[in-house]
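One structure is given here, and the rest of the page talks about it.
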Amino acid sequence: MRLTLYTDLSLRLLMFLALKPDGLATIQDAAERYRVSRNHLMKVARQLGQTGFIETVRGRGGGLRLSRPPTEIRIGDVVRTTEEDFRMVECFDASRNTCGLAPACRLKGVLGEALGAYLAILDKYTLADLTAQAQWKPVLSPQM
């Protein structure tokens with residue numbers, strides 16, 4: 001399974017906020033740090049705010065911060081919120097399934113089990129687990 005760029009940016013923004021000593025950061029701060037589009041991060045921040053992962057502080061000295069402690073933000077919840085769908089193959093969507101083997105095929109069940117295991121592993125970890133003892137490194141991602 002491959003995560004979308006949107007989910008990747010969501011996780012990175014949350015990690016960035018978890019690592020801020022004062023808990024506040026701007027979208028510009030994160031965009032510069034990760035060398036990514038400010039516009040993409042604005043969309044990500046808006047959804048993360050709407051879904052309760054982050055909150056905004058208005059005014060001078062404002063910015064973004066986590067809305068709850070990193071120990072309470074499960075990675076599986078973030079991925080479920082930010083990924084558009086988990087249809088790994090056509091038969092996961094009954095309304096679009098045209099496969100002639102579907103009545104006898106067990107692939108959907110196997111892949112469904114694998115997806116469940118994948119999400120169960122992500123549910124075991126929190127944002128705190130991803131940022132524990134982390135330190136900023138000078139290596140940055142390429143410009144997107």
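We label chains A, B, ... in the order they appear in the structure tokens, count residues from 1 in each chain, and number ligands from 1 in the order shown.
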
From a backbone DSSP assignment, name each residue in chain A labelled alpha helix (DSSP H), as a PyMOL selection string. chain A and resi 5-19+27-34+38-50+75-82+107-123+127-131

Sorted by chain and rising residue number, list the residues of region 6-121 of chain A at most 8 Å from region 128-133 of chain A (counting only C-alpha atoms), each with its closest atom pair and distance in Å to one decimal, as a Markdown table.
| residue | atom | partner | partner_atom | distance |
| --- | --- | --- | --- | --- |
| A:Met15 | CA | A:Thr131 | CA | 6.4 |
| A:Ala18 | CA | A:Thr131 | CA | 7.0 |
| A:Leu19 | CA | A:Thr131 | CA | 6.9 |
| A:Pro70 | CA | A:Ala128 | CA | 4.7 |
| A:Thr71 | CA | A:Ala128 | CA | 5.0 |
| A:Ile73 | CA | A:Ala128 | CA | 7.9 |

Now that the selection is made, can you save its residues with C-alpha atoms as an mmCIF file, in the first residue's frame?
data_model
loop_
_atom_site.group_PDB
_atom_site.id
_atom_site.type_symbol
_atom_site.label_atom_id
_atom_site.label_comp_id
_atom_site.auth_asym_id
_atom_site.auth_seq_id
_atom_site.Cartn_x
_atom_site.Cartn_y
_atom_site.Cartn_z
ATOM 1 C CA MET A 15 5.412 15.671 13.566
ATOM 2 C CA ALA A 18 4.991 17.876 17.998
ATOM 3 C CA LEU A 19 8.670 18.826 17.834
ATOM 4 C CA PRO A 70 1.033 13.656 20.829
ATOM 5 C CA THR A 71 0.336 10.577 22.972
ATOM 6 C CA ILE A 73 -2.930 11.141 18.271
#

re CA of Gly63 (chain A) and CA of Gly23 (chain A): distance 9.1 Å

Give me the residues near Arg80 (chain A) as a list in words, where near means some atom within 10 Å (using only C-alpha atoms) and where sequence neighbours in that chain fewer than 5 positions away do not count. Thr7, Ile75, Asp85, Phe86, Leu119 and Leu122 of chain A

query = Counting only C-alpha atoms, what is within 10 Å of region 35-50 of chain A, bar same-chain residues fewer than 4 positions away, as a PyMOL selection string?
reply = chain A and resi 5-14+26-31+54-56+64-67+78+81-82+140-144

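CA of Gly116 (chain A) is positioned 21.0 Å from CA of Glu72 (chain A).
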